[in-house]
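Here is my_file.pdb, consisting of PDB, C-alpha atoms:
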```pdb
ATOM      1  CA  MET A  27      22.302 -28.344 -32.156
ATOM      2  CA  GLU A  28      21.234 -29.247 -28.618
ATOM      3  CA  ASN A  29      24.042 -29.385 -26.080
ATOM      4  CA  GLN A  30      23.732 -32.769 -24.341
ATOM      5  CA  ALA A  31      26.204 -31.726 -21.654
ATOM      6  CA  VAL A  32      23.985 -29.086 -20.032
ATOM      7  CA  LYS A  33      20.393 -28.787 -18.837
ATOM      8  CA  GLU A  34      18.442 -25.620 -18.116
ATOM      9  CA  VAL A  35      16.427 -25.514 -14.876
ATOM     10  CA  SER A  36      14.531 -22.950 -12.855
ATOM     11  CA  VAL A  37      15.828 -22.140  -9.371
ATOM     12  CA  GLN A  38      14.822 -19.912  -6.491
ATOM     13  CA  ARG A  39      17.680 -17.458  -6.144
ATOM     14  CA  PHE A  40      18.332 -15.520  -2.946
ATOM     15  CA  ARG A  41      20.299 -12.267  -2.817
ATOM     16  CA  GLY A  42      20.268 -10.756   0.647
ATOM     17  CA  ALA A  43      16.643 -10.279   1.670
ATOM     18  CA  GLU A  44      15.343 -10.692  -1.891
ATOM     19  CA  ALA A  45      14.293 -13.937  -3.563
ATOM     20  CA  GLY A  46      12.942 -14.764  -6.983
ATOM     21  CA  GLU A  47      12.769 -17.339  -9.758
ATOM     22  CA  ALA A  48      15.716 -17.440 -12.135
ATOM     23  CA  PRO A  49      17.102 -19.757 -14.831
ATOM     24  CA  ASP A  50      20.208 -21.826 -14.183
ATOM     25  CA  VAL A  51      22.294 -24.323 -16.142
ATOM     26  CA  LEU A  52      23.436 -27.678 -14.776
ATOM     27  CA  ALA A  53      26.006 -30.186 -15.995
ATOM     28  CA  VAL A  54      24.195 -33.338 -17.105
ATOM     29  CA  GLU A  55      25.029 -36.588 -15.321
ATOM     30  CA  GLU A  56      23.697 -39.828 -16.811
ATOM     31  CA  PRO A  57      24.783 -43.473 -16.733
ATOM     32  CA  LEU A  58      26.644 -45.052 -19.621
ATOM     33  CA  GLU A  59      26.701 -48.833 -19.877
ATOM     34  CA  ILE A  60      29.717 -50.158 -21.752
ATOM     35  CA  ARG A  61      29.238 -53.535 -23.403
ATOM     36  CA  LEU A  62      31.828 -55.696 -25.139
ATOM     37  CA  GLU A  63      31.270 -57.835 -28.218
ATOM     38  CA  TYR A  64      34.126 -60.302 -28.597
ATOM     39  CA  GLY A  65      35.048 -63.782 -29.703
ATOM     40  CA  PRO A  66      35.606 -65.507 -33.061
ATOM     41  CA  ALA A  67      33.372 -64.792 -36.046
ATOM     42  CA  GLY A  68      30.192 -66.850 -35.851
ATOM     43  CA  ASN A  69      30.453 -67.203 -32.079
ATOM     44  CA  ARG A  70      30.391 -63.629 -30.812
ATOM     45  CA  ILE A  71      29.630 -62.897 -27.136
ATOM     46  CA  VAL A  72      28.140 -59.662 -25.799
ATOM     47  CA  LYS A  73      28.952 -58.881 -22.179
ATOM     48  CA  ASN A  74      28.033 -55.958 -19.936
ATOM     49  CA  LEU A  75      31.348 -54.648 -18.637
ATOM     50  CA  SER A  76      30.911 -51.307 -16.886
ATOM     51  CA  VAL A  77      28.484 -48.625 -15.814
ATOM     52  CA  THR A  78      29.889 -45.135 -15.363
ATOM     53  CA  MET A  79      28.135 -41.901 -14.440
ATOM     54  CA  ARG A  80      29.235 -39.406 -17.074
ATOM     55  CA  THR A  81      28.364 -36.238 -18.943
ATOM     56  CA  PRO A  82      26.993 -37.245 -22.378
ATOM     57  CA  GLY A  83      29.279 -36.523 -25.314
ATOM     58  CA  ALA A  84      32.406 -38.197 -26.719
ATOM     59  CA  ASP A  85      31.054 -41.564 -25.540
ATOM     60  CA  ASP A  86      33.141 -43.407 -28.157
ATOM     61  CA  ASP A  87      36.301 -41.803 -26.785
ATOM     62  CA  LEU A  88      35.210 -42.555 -23.211
ATOM     63  CA  ALA A  89      34.629 -46.238 -23.949
ATOM     64  CA  ALA A  90      37.890 -46.609 -25.858
ATOM     65  CA  GLY A  91      39.862 -44.748 -23.210
ATOM     66  CA  PHE A  92      38.346 -46.852 -20.441
ATOM     67  CA  LEU A  93      39.127 -50.140 -22.212
ATOM     68  CA  PHE A  94      42.683 -49.013 -22.914
ATOM     69  CA  THR A  95      43.464 -47.722 -19.429
ATOM     70  CA  GLU A  96      42.008 -50.924 -17.954
ATOM     71  CA  GLY A  97      44.355 -52.998 -20.131
ATOM     72  CA  ILE A  98      41.595 -54.750 -22.090
ATOM     73  CA  VAL A  99      42.680 -53.332 -25.467
ATOM     74  CA  HIS A 100      46.185 -52.307 -26.451
ATOM     75  CA  GLU A 101      46.001 -50.947 -30.000
ATOM     76  CA  ALA A 102      43.421 -48.950 -31.949
ATOM     77  CA  SER A 103      42.964 -51.924 -34.286
ATOM     78  CA  ASP A 104      41.715 -54.024 -31.351
ATOM     79  CA  ILE A 105      38.427 -52.111 -31.676
ATOM     80  CA  THR A 106      36.602 -52.880 -34.915
ATOM     81  CA  GLY A 107      33.452 -50.863 -34.327
ATOM     82  CA  MET A 108      31.126 -49.149 -31.860
ATOM     83  CA  ARG A 109      27.367 -48.821 -31.809
ATOM     84  CA  GLY A 110      25.304 -46.840 -29.363
ATOM     85  CA  GLY A 111      21.808 -46.557 -27.997
ATOM     86  CA  GLU A 112      20.348 -44.476 -25.211
ATOM     87  CA  ASN A 113      23.055 -44.452 -22.535
ATOM     88  CA  VAL A 114      24.514 -47.707 -23.885
ATOM     89  CA  ILE A 115      27.550 -48.270 -26.090
ATOM     90  CA  THR A 116      28.666 -51.635 -27.473
ATOM     91  CA  VAL A 117      32.316 -51.959 -28.429
ATOM     92  CA  ALA A 118      33.129 -54.671 -30.976
ATOM     93  CA  LEU A 119      36.579 -56.172 -30.518
ATOM     94  CA  SER A 120      38.706 -57.858 -33.137
ATOM     95  CA  PRO A 121      37.957 -61.598 -33.464
ATOM     96  CA  ASP A 122      41.702 -62.183 -33.191
ATOM     97  CA  LEU A 123      42.033 -60.365 -29.861
ATOM     98  CA  ALA A 124      42.771 -62.673 -26.930
ATOM     99  CA  ILE A 125      40.464 -61.741 -24.056
ATOM    100  CA  ASP A 126      41.347 -62.221 -20.406
ATOM    101  CA  LEU A 127      38.089 -63.779 -19.217
ATOM    102  CA  GLN A 128      39.121 -63.418 -15.583
ATOM    103  CA  LYS A 129      39.479 -59.695 -16.089
ATOM    104  CA  LEU A 130      36.045 -59.480 -17.706
ATOM    105  CA  GLU A 131      34.522 -61.199 -14.689
ATOM    106  CA  ARG A 132      35.227 -58.011 -12.748
ATOM    107  CA  HIS A 133      32.022 -56.008 -13.139
ATOM    108  CA  PHE A 134      33.298 -52.472 -12.774
ATOM    109  CA  TYR A 135      31.021 -49.854 -11.223
ATOM    110  CA  THR A 136      32.394 -46.373 -11.664
ATOM    111  CA  SER A 137      30.817 -43.375  -9.976
ATOM    112  CA  SER A 138      31.473 -39.776 -10.887
ATOM    113  CA  SER A 139      33.235 -39.168  -7.581
ATOM    114  CA  CYS A 140      35.380 -42.185  -6.761
ATOM    115  CA  GLY A 141      36.633 -43.653 -10.011
ATOM    116  CA  VAL A 142      37.283 -47.350 -10.424
ATOM    117  CA  CYS A 143      37.255 -48.802  -6.924
ATOM    118  CA  GLY A 144      39.093 -51.767  -5.519
ATOM    119  CA  LYS A 145      42.632 -51.141  -6.770
ATOM    120  CA  THR A 146      44.771 -50.777  -3.693
ATOM    121  CA  SER A 147      48.366 -50.981  -4.862
ATOM    122  CA  ILE A 148      50.760 -49.741  -7.503
ATOM    123  CA  ASP A 149      51.643 -53.374  -8.220
ATOM    124  CA  ALA A 150      48.091 -53.875  -9.516
ATOM    125  CA  VAL A 151      48.713 -51.134 -12.071
ATOM    126  CA  LYS A 152      52.052 -52.623 -13.113
ATOM    127  CA  THR A 153      50.312 -55.844 -14.125
ATOM    128  CA  VAL A 154      48.468 -54.013 -16.921
ATOM    129  CA  ALA A 155      50.450 -50.828 -17.558
ATOM    130  CA  ASN A 156      52.665 -51.073 -20.619
ATOM    131  CA  CYS A 157      54.974 -48.202 -19.758
ATOM    132  CA  SER A 158      58.003 -49.574 -21.559
ATOM    133  CA  PHE A 159      57.282 -47.326 -24.539
ATOM    134  CA  SER A 160      58.453 -44.232 -22.624
ATOM    135  CA  ASP A 161      62.164 -43.777 -23.266
ATOM    136  CA  LYS A 162      63.224 -42.517 -19.856
ATOM    137  CA  THR A 163      66.796 -42.054 -21.083
ATOM    138  CA  LYS A 164      65.649 -38.988 -23.020
ATOM    139  CA  ASP A 165      65.046 -36.650 -20.112
ATOM    140  CA  TRP A 166      63.312 -33.361 -20.736
ATOM    141  CA  THR A 167      62.088 -30.508 -18.590
ATOM    142  CA  ILE A 168      59.412 -27.811 -18.852
ATOM    143  CA  ARG A 169      60.132 -24.171 -18.131
ATOM    144  CA  PRO A 170      58.238 -22.847 -15.059
ATOM    145  CA  GLU A 171      56.730 -19.999 -17.094
ATOM    146  CA  VAL A 172      55.116 -22.582 -19.402
ATOM    147  CA  ILE A 173      53.640 -24.406 -16.406
ATOM    148  CA  TYR A 174      52.295 -21.199 -14.854
ATOM    149  CA  GLY A 175      50.308 -20.446 -18.010
ATOM    150  CA  LEU A 176      48.525 -23.800 -18.315
ATOM    151  CA  PRO A 177      45.539 -23.207 -15.961
ATOM    152  CA  ASP A 178      44.554 -19.916 -17.607
ATOM    153  CA  THR A 179      44.720 -21.469 -21.055
ATOM    154  CA  LEU A 180      42.548 -24.360 -19.867
ATOM    155  CA  ARG A 181      40.062 -22.131 -18.094
ATOM    156  CA  HIS A 182      39.493 -19.953 -21.160
ATOM    157  CA  LYS A 183      38.574 -23.042 -23.214
ATOM    158  CA  GLN A 184      36.182 -24.646 -20.699
ATOM    159  CA  ALA A 185      32.914 -23.633 -22.331
ATOM    160  CA  THR A 186      30.695 -26.045 -20.403
ATOM    161  CA  PHE A 187      32.343 -25.210 -17.093
ATOM    162  CA  ASP A 188      31.635 -21.535 -17.784
ATOM    163  CA  ALA A 189      27.956 -22.370 -18.159
ATOM    164  CA  THR A 190      27.608 -24.745 -15.195
ATOM    165  CA  GLY A 191      30.585 -24.457 -12.832
ATOM    166  CA  GLY A 192      30.212 -28.211 -12.313
ATOM    167  CA  LEU A 193      32.663 -30.090 -14.527
ATOM    168  CA  HIS A 194      36.164 -31.480 -14.295
ATOM    169  CA  ALA A 195      38.577 -31.119 -17.183
ATOM    170  CA  ALA A 196      41.630 -32.916 -18.521
ATOM    171  CA  ALA A 197      43.797 -31.327 -21.202
ATOM    172  CA  VAL A 198      46.904 -32.164 -23.201
ATOM    173  CA  PHE A 199      49.470 -29.498 -24.076
ATOM    174  CA  ASP A 200      52.676 -29.579 -26.059
ATOM    175  CA  THR A 201      55.991 -28.776 -24.371
ATOM    176  CA  GLU A 202      55.592 -25.072 -25.222
ATOM    177  CA  GLY A 203      52.227 -24.843 -23.475
ATOM    178  CA  ARG A 204      49.997 -24.925 -26.554
ATOM    179  CA  LEU A 205      46.626 -26.582 -25.900
ATOM    180  CA  LEU A 206      46.152 -29.646 -28.125
ATOM    181  CA  ALA A 207      42.999 -31.299 -26.767
ATOM    182  CA  LEU A 208      40.504 -30.833 -23.918
ATOM    183  CA  ARG A 209      37.696 -32.957 -22.485
ATOM    184  CA  GLU A 210      35.189 -32.141 -19.718
ATOM    185  CA  ASP A 211      32.995 -34.427 -17.593
ATOM    186  CA  VAL A 212      31.289 -34.608 -14.193
ATOM    187  CA  GLY A 213      33.761 -37.414 -13.405
ATOM    188  CA  ARG A 214      37.436 -36.491 -13.379
ATOM    189  CA  HIS A 215      38.405 -40.023 -14.453
ATOM    190  CA  ASN A 216      35.857 -39.887 -17.298
ATOM    191  CA  ALA A 217      37.323 -36.614 -18.549
ATOM    192  CA  LEU A 218      40.739 -38.256 -18.704
ATOM    193  CA  ASP A 219      39.412 -41.440 -20.338
ATOM    194  CA  LYS A 220      37.734 -39.299 -23.013
ATOM    195  CA  LEU A 221      40.994 -37.475 -23.607
ATOM    196  CA  ILE A 222      43.142 -40.611 -23.739
ATOM    197  CA  GLY A 223      40.506 -42.401 -25.833
ATOM    198  CA  HIS A 224      40.626 -39.565 -28.364
ATOM    199  CA  TYR A 225      44.347 -40.187 -28.907
ATOM    200  CA  PHE A 226      44.137 -43.974 -28.614
ATOM    201  CA  ARG A 227      41.570 -44.211 -31.423
ATOM    202  CA  GLN A 228      44.003 -42.301 -33.652
ATOM    203  CA  ALA A 229      46.847 -44.684 -32.722
ATOM    204  CA  ALA A 230      48.567 -41.627 -31.237
ATOM    205  CA  VAL A 231      49.671 -43.037 -27.873
ATOM    206  CA  PRO A 232      52.066 -42.926 -26.080
ATOM    207  CA  LEU A 233      51.771 -39.255 -25.149
ATOM    208  CA  ASP A 234      55.275 -39.244 -23.744
ATOM    209  CA  TYR A 235      56.258 -35.775 -24.958
ATOM    210  CA  HIS A 236      53.106 -33.996 -23.821
ATOM    211  CA  ILE A 237      51.872 -32.291 -20.658
ATOM    212  CA  LEU A 238      48.660 -33.446 -18.967
ATOM    213  CA  LEU A 239      46.747 -30.869 -16.923
ATOM    214  CA  LEU A 240      44.027 -31.901 -14.456
ATOM    215  CA  SER A 241      41.545 -29.275 -13.301
ATOM    216  CA  GLY A 242      41.251 -30.749  -9.797
ATOM    217  CA  ARG A 243      43.245 -33.034  -7.540
ATOM    218  CA  ALA A 244      45.611 -35.771  -8.694
ATOM    219  CA  SER A 245      44.382 -39.167  -7.513
ATOM    220  CA  PHE A 246      45.904 -42.632  -7.860
ATOM    221  CA  GLU A 247      43.411 -43.573 -10.586
ATOM    222  CA  LEU A 248      44.318 -40.557 -12.699
ATOM    223  CA  LEU A 249      48.048 -41.283 -12.400
ATOM    224  CA  GLN A 250      47.320 -44.908 -13.328
ATOM    225  CA  LYS A 251      45.580 -43.762 -16.504
ATOM    226  CA  ALA A 252      48.386 -41.330 -17.272
ATOM    227  CA  ALA A 253      50.920 -44.156 -16.895
ATOM    228  CA  MET A 254      48.904 -46.364 -19.260
ATOM    229  CA  ALA A 255      49.012 -43.598 -21.888
ATOM    230  CA  GLY A 256      52.751 -43.102 -21.428
ATOM    231  CA  ILE A 257      52.307 -39.558 -20.106
ATOM    232  CA  ARG A 258      55.469 -38.423 -18.336
ATOM    233  CA  PHE A 259      54.487 -34.936 -17.134
ATOM    234  CA  VAL A 260      51.299 -34.370 -15.095
ATOM    235  CA  CYS A 261      50.135 -31.082 -13.581
ATOM    236  CA  ALA A 262      47.151 -30.694 -11.270
ATOM    237  CA  VAL A 263      45.440 -27.562 -10.036
ATOM    238  CA  GLY A 264      44.695 -29.341  -6.762
ATOM    239  CA  ALA A 265      46.531 -31.608  -4.354
ATOM    240  CA  PRO A 266      47.919 -35.068  -5.103
ATOM    241  CA  SER A 267      47.232 -38.021  -2.852
ATOM    242  CA  SER A 268      50.076 -39.975  -1.277
ATOM    243  CA  LEU A 269      49.437 -42.958  -3.561
ATOM    244  CA  ALA A 270      49.361 -40.667  -6.601
ATOM    245  CA  VAL A 271      52.853 -39.475  -5.692
ATOM    246  CA  GLU A 272      54.065 -43.041  -5.172
ATOM    247  CA  THR A 273      52.591 -44.015  -8.550
ATOM    248  CA  ALA A 274      54.291 -41.082 -10.266
ATOM    249  CA  GLU A 275      57.624 -42.063  -8.730
ATOM    250  CA  ALA A 276      57.173 -45.712  -9.717
ATOM    251  CA  PHE A 277      56.550 -44.839 -13.376
ATOM    252  CA  GLY A 278      59.008 -41.969 -13.772
ATOM    253  CA  ILE A 279      56.279 -39.319 -14.068
ATOM    254  CA  THR A 280      56.955 -35.709 -13.112
ATOM    255  CA  LEU A 281      54.008 -34.668 -10.924
ATOM    256  CA  VAL A 282      53.160 -31.035 -10.215
ATOM    257  CA  GLY A 283      50.422 -30.090  -7.753
ATOM    258  CA  PHE A 284      48.731 -26.955  -6.417
ATOM    259  CA  LEU A 285      49.302 -25.248  -9.761
ATOM    260  CA  ARG A 286      47.549 -21.905  -9.301
ATOM    261  CA  ASP A 287      48.206 -18.245  -8.557
ATOM    262  CA  ASN A 288      51.641 -18.404 -10.199
ATOM    263  CA  ARG A 289      52.951 -21.129  -7.902
ATOM    264  CA  PHE A 290      53.225 -24.925  -7.790
ATOM    265  CA  ASN A 291      54.839 -27.823  -5.924
ATOM    266  CA  VAL A 292      56.849 -30.614  -7.558
ATOM    267  CA  TYR A 293      56.110 -33.967  -5.896
ATOM    268  CA  SER A 294      57.961 -36.293  -8.265
ATOM    269  CA  GLY A 295      60.584 -35.786 -10.941
ATOM    270  CA  THR A 296      62.083 -32.436 -11.901
ATOM    271  CA  VAL A 297      60.952 -29.272 -13.670
ATOM    272  CA  VAL A 298      64.240 -27.439 -14.213
TER
END
```

Could you render the structure from this file as structure tokens?
Amino acid sequence: MENQAVKEVSVQRFRGAEAGEAPDVLAVEEPLEIRLEYGPAGNRIVKNLSVTMRTPGADDDLAAGFLFTEGIVHEASDITGMRGGENVITVALSPDLAIDLQKLERHFYTSSSCGVCGKTSIDAVKTVANCSFSDKTKDWTIRPEVIYGLPDTLRHKQATFDATGGLHAAAVFDTEGRLLALREDVGRHNALDKLIGHYFRQAAVPLDYHILLLSGRASFELLQKAAMAGIRFVCAVGAPSSLAVETAEAFGITLVGFLRDNRFNVYSGTVV
């Protein structure tokens, strides 16, 4: 079966004074247009909602995760079907679902580098984030040795990254450090939407007793999505932004950054 996530190309490769033609493998980046079909039976409306630059694969999970983390759908049953074409996916919503038309008037454009633009405050997240399902009275911690082992476990399972070196990853682990699910994409926010969408479609959110690992930096948008999914423990191989830390603090999320080489920093919450 052809791997849609990678593309073989020919490159001119230099090594010292020598040069020659050689094969290489690239991560595929293509647009995905997400359309919504909504409204009562007999009067259905189809609306273009979003265009995101993504790596093909798990498009159903990506669309579901995006709609959930944007607060448009709240339960798996809100989505009654999906149909796809070439770089287009149409998500059919339940006729009984009340749609915020003002929200749909926002035509999202998501690029693989910046995520959903235009959200400038944590208060904007709080208007859509249903974080009440996380029981913050049941505190729990993760042993440092479990945290140290997460990046190696992730790296050994990143098949497409091994081939291309050009993908972000988001992964969910249990509290003992066992890998439960992994998604890769050229966009870090897409990788997380695919991961969250995978669980959302199974009615398996909130993920409040799981660990989320991000292969790169921790941005505000990624913490927003984590909050929407009820994730309470986030680790990132790279650095967090200041707003990511503020978001973690606002939603009671433990945030670990610079997780590599047997070290890490805790920016919010506690580990031990």

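For the structure shown here, the set of residues caught by the PyMOL selection byres ((chain A and resi 282) around 9) is Phe259, Val260, Cys261, Ala262, Val263, Ala265, Pro266, Thr280, Leu281, Gly283, Phe284, Leu285, Phe290, Asn291, Val292, Tyr293, Ser294, Gly295 and Val297 of chain A.
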
Can you translate the PyMOL selection byres ((chain A and resi 231) around 12) into the concrete residues it hits in this file, as a ChimeraX atom specification? /A:91,94-95,100-102,156-157,159-160,221-230,232-236,252-257

Could you please take those selected residues and save C-alpha atoms as a compact mmCIF listing (two decimals), keeping the file's coordinate frame?
```txt
# COMPACT_ATOMS: atom_id res chain seq x y z
CA GLY A 91 39.86 -44.75 -23.21
CA PHE A 94 42.68 -49.01 -22.91
CA THR A 95 43.46 -47.72 -19.43
CA HIS A 100 46.18 -52.31 -26.45
CA GLU A 101 46.00 -50.95 -30.00
CA ALA A 102 43.42 -48.95 -31.95
CA ASN A 156 52.66 -51.07 -20.62
CA CYS A 157 54.97 -48.20 -19.76
CA PHE A 159 57.28 -47.33 -24.54
CA SER A 160 58.45 -44.23 -22.62
CA LEU A 221 40.99 -37.48 -23.61
CA ILE A 222 43.14 -40.61 -23.74
CA GLY A 223 40.51 -42.40 -25.83
CA HIS A 224 40.63 -39.56 -28.36
CA TYR A 225 44.35 -40.19 -28.91
CA PHE A 226 44.14 -43.97 -28.61
CA ARG A 227 41.57 -44.21 -31.42
CA GLN A 228 44.00 -42.30 -33.65
CA ALA A 229 46.85 -44.68 -32.72
CA ALA A 230 48.57 -41.63 -31.24
CA PRO A 232 52.07 -42.93 -26.08
CA LEU A 233 51.77 -39.26 -25.15
CA ASP A 234 55.28 -39.24 -23.74
CA TYR A 235 56.26 -35.78 -24.96
CA HIS A 236 53.11 -34.00 -23.82
CA ALA A 252 48.39 -41.33 -17.27
CA ALA A 253 50.92 -44.16 -16.90
CA MET A 254 48.90 -46.36 -19.26
CA ALA A 255 49.01 -43.60 -21.89
CA GLY A 256 52.75 -43.10 -21.43
CA ILE A 257 52.31 -39.56 -20.11
```

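When atom CA of Ile71 of chain A is paired with atom CA of Asn216 of chain A, their separation reads 25.8 Å.
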
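The gap separating atom CA of Thr167 of chain A from atom CA of Asp219 of chain A is 25.2 Å, in Å to one decimal.
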
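If you measure from each of A:Glu96, A:Leu176, A:Ala31, A:Pro121 to Leu248 of chain A using only C-alpha atoms, the closest one turns out to be A:Glu96.
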
Which of these residues is nearest to Glu63 of chain A, using all atoms listed in the file: A:Thr201, A:Thr116, A:Thr106, A:Asn29? A:Thr116
